[in-house]
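*Asks:* This is the structure, below, for whatever I ask next.
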Amino acid sequence: MHISDQELMLALDGELPAQDAARVNAHLAECWTCRARRQEMENAIADFVRMPKPPLPPADGPRALLKAQIAQLNVHRDIAWQNRWVAAGIGALLISAGLMIGQFWRQSSRVMVVTVPDPKLTPGATVLLSPREVCSASSAKNKTVPVALRKKVFEAYGISRAEPHAYEVDYLITPALGGADDIHNLWPQSYADTVWNAQVKDDLEDHLRALVCAGKLDLGTAQREIAGNWIGAYKKYFHTDRPR
Amino acid sequence: MADARAELRVFPVAEDLAHPSALEREVVEQFDQMRERLLRYLLGFGLSMQDCEEIVQETFLALFRHLQRGRSRRNLRGWLFRVAHNLGLRKRQRTRLMEEIGDSVIDPTPNPEDQFSISQTQKRLLAVLDALPEQDRRCLSLRAEGLRYREIAEILDMSLGGVALALGRSLARIARVAEQ
């Protein structure tokens, strides 16, 4: 009586109970048929392993995107955590968090949601301007990003050609606060995020610019706050945990 | 506004974002180790490269949430394959549905035969692999990824006996190619 394929497989993985393993080994030692069968199994896998493999795209873009998405999950979690103690808000917040995650899941099958930039790709960059120059310039709001630069941003974030319409390429530090037309200052912000979206960020930028131009806030500080964690800056300067 | 003095100052990376949590680092490490293997496995579903990349992203976000909730770290490799497998199946169902509606056309990955110069034996082997039932082929490719038979059974939701049968069938066919 020969050893079954199933037992042979388990023996190959070293997963047989000791007693069975001993019996199988004893049988293998004297049975050419079963030894050949075992060899056949290993050879087939080896043939499969040796098959030529198609080349894969580099991992940099997808890795950056994963990090950005994890950062976003953390942002959502922070929001939920901080509001946890606000009794009146709990129910509504949990529901909206649920909707947000649900929406994220639905969308993520087609489009990656990016709410915060990847700090390695988009640390923020400025041109050297004095506060007076910044404040005297007619507001550079809604400045369009050159097409070539947009393309580079999508490439850096690993966003494929099919999806770009789902994103606005946004300045991390707005030109209205001295932000530069530079790849280090640009990131693809999802339209899909309904909470911390581009409109909310615009509000923060307007507010910080007003503070800078009123002499109440240092320009460098404003730039750093936005570049470091714009959602954190929003919460700080508007004294709120959620967009107004 | 940006005149001749438009000297560029790139900000240092913010402290809290530059030092990702240990959890994030762990997930990214897993990503670096497993991305290619998962991609290759998913390509076997006949999905486009873009779809496969998206599924891999979803898989690792699921891993992040899994670990964030303090769930088990036992056999993460098997866990990743299982999640990717299920997402891959779901994706393909949707793609097929869309095809039936005539909404979009699937973008099949190029046939390896067109991409490489391969030996006659490998060509025959490819033909055999193509002709294998899908589940049998998955058993093989998971085994080739170094997964144990028990893990394969779990990922594909089969009995161990089922895996044995599937592999038995594939082996017989592959052996015939080798003899030619």
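Labeling convention for the structure tokens: chains A, B, ... as they appear, residues from 1 per chain, ligands from 1 in order of appearance.
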Pick out the chain A residues within 6 Å of chain B. Count only C-alpha atoms. Give them as a PyMOL selection string.
*Replies:* chain A and resi 5-6+44-45+49+119+123-128+228
*Asks:* Write the selection just made, keeping N, CA and C atoms, as a compact mmCIF listing (two decimals), in the first residue's frame?
*Replies:*
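Saved as out_35.txt:
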```
# COMPACT_ATOMS: atom_id res chain seq x y z
N ASP A 5 -0.92 10.98 -1.82
CA ASP A 5 -0.34 12.29 -2.15
C ASP A 5 -0.43 13.24 -0.96
N GLN A 6 -1.57 13.17 -0.29
CA GLN A 6 -1.78 14.08 0.83
C GLN A 6 -0.74 13.87 1.92
N ALA A 44 7.93 19.29 -10.33
CA ALA A 44 6.88 20.09 -10.98
C ALA A 44 6.89 21.50 -10.43
N ILE A 45 7.04 21.61 -9.12
CA ILE A 45 7.08 22.94 -8.51
C ILE A 45 8.32 23.68 -9.02
N VAL A 49 8.60 27.23 -10.82
CA VAL A 49 9.39 28.33 -10.27
C VAL A 49 10.34 28.88 -11.34
N PRO A 119 5.42 63.05 3.10
CA PRO A 119 6.43 64.05 3.47
C PRO A 119 7.76 63.88 2.74
N PRO A 123 7.79 67.64 0.90
CA PRO A 123 8.06 68.26 2.20
C PRO A 123 7.62 69.74 2.23
N GLY A 124 7.37 70.33 1.09
CA GLY A 124 7.06 71.76 1.01
C GLY A 124 8.30 72.52 0.55
N ALA A 125 8.11 73.54 -0.27
CA ALA A 125 9.24 74.35 -0.72
C ALA A 125 8.75 75.77 -0.93
N THR A 126 9.60 76.74 -0.61
CA THR A 126 9.20 78.15 -0.74
C THR A 126 10.22 78.91 -1.57
N VAL A 127 9.81 80.04 -2.10
CA VAL A 127 10.76 80.98 -2.66
C VAL A 127 11.03 82.01 -1.57
N LEU A 128 12.25 82.61 -1.57
CA LEU A 128 12.58 83.55 -0.50
C LEU A 128 11.90 84.89 -0.76
N GLY A 228 4.24 71.10 7.57
CA GLY A 228 4.41 70.00 8.52
C GLY A 228 3.17 69.13 8.60
```
*Asks:* What does the distance between CA of Tyr41 in chain B and CA of His165 in chain A come to in Å, to one decimal place?
*Replies:* 29.5 Å
*Asks:* In Å to one decimal, how far is CA of Glu205 in chain A from CA of Thr174 in chain A?
*Replies:*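 These two atoms are separated by 7.0 Å.
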*Asks:* By how many Å are CA of Glu7 in chain A and CA of Ala153 in chain B apart?
*Replies:* 14.1 Å
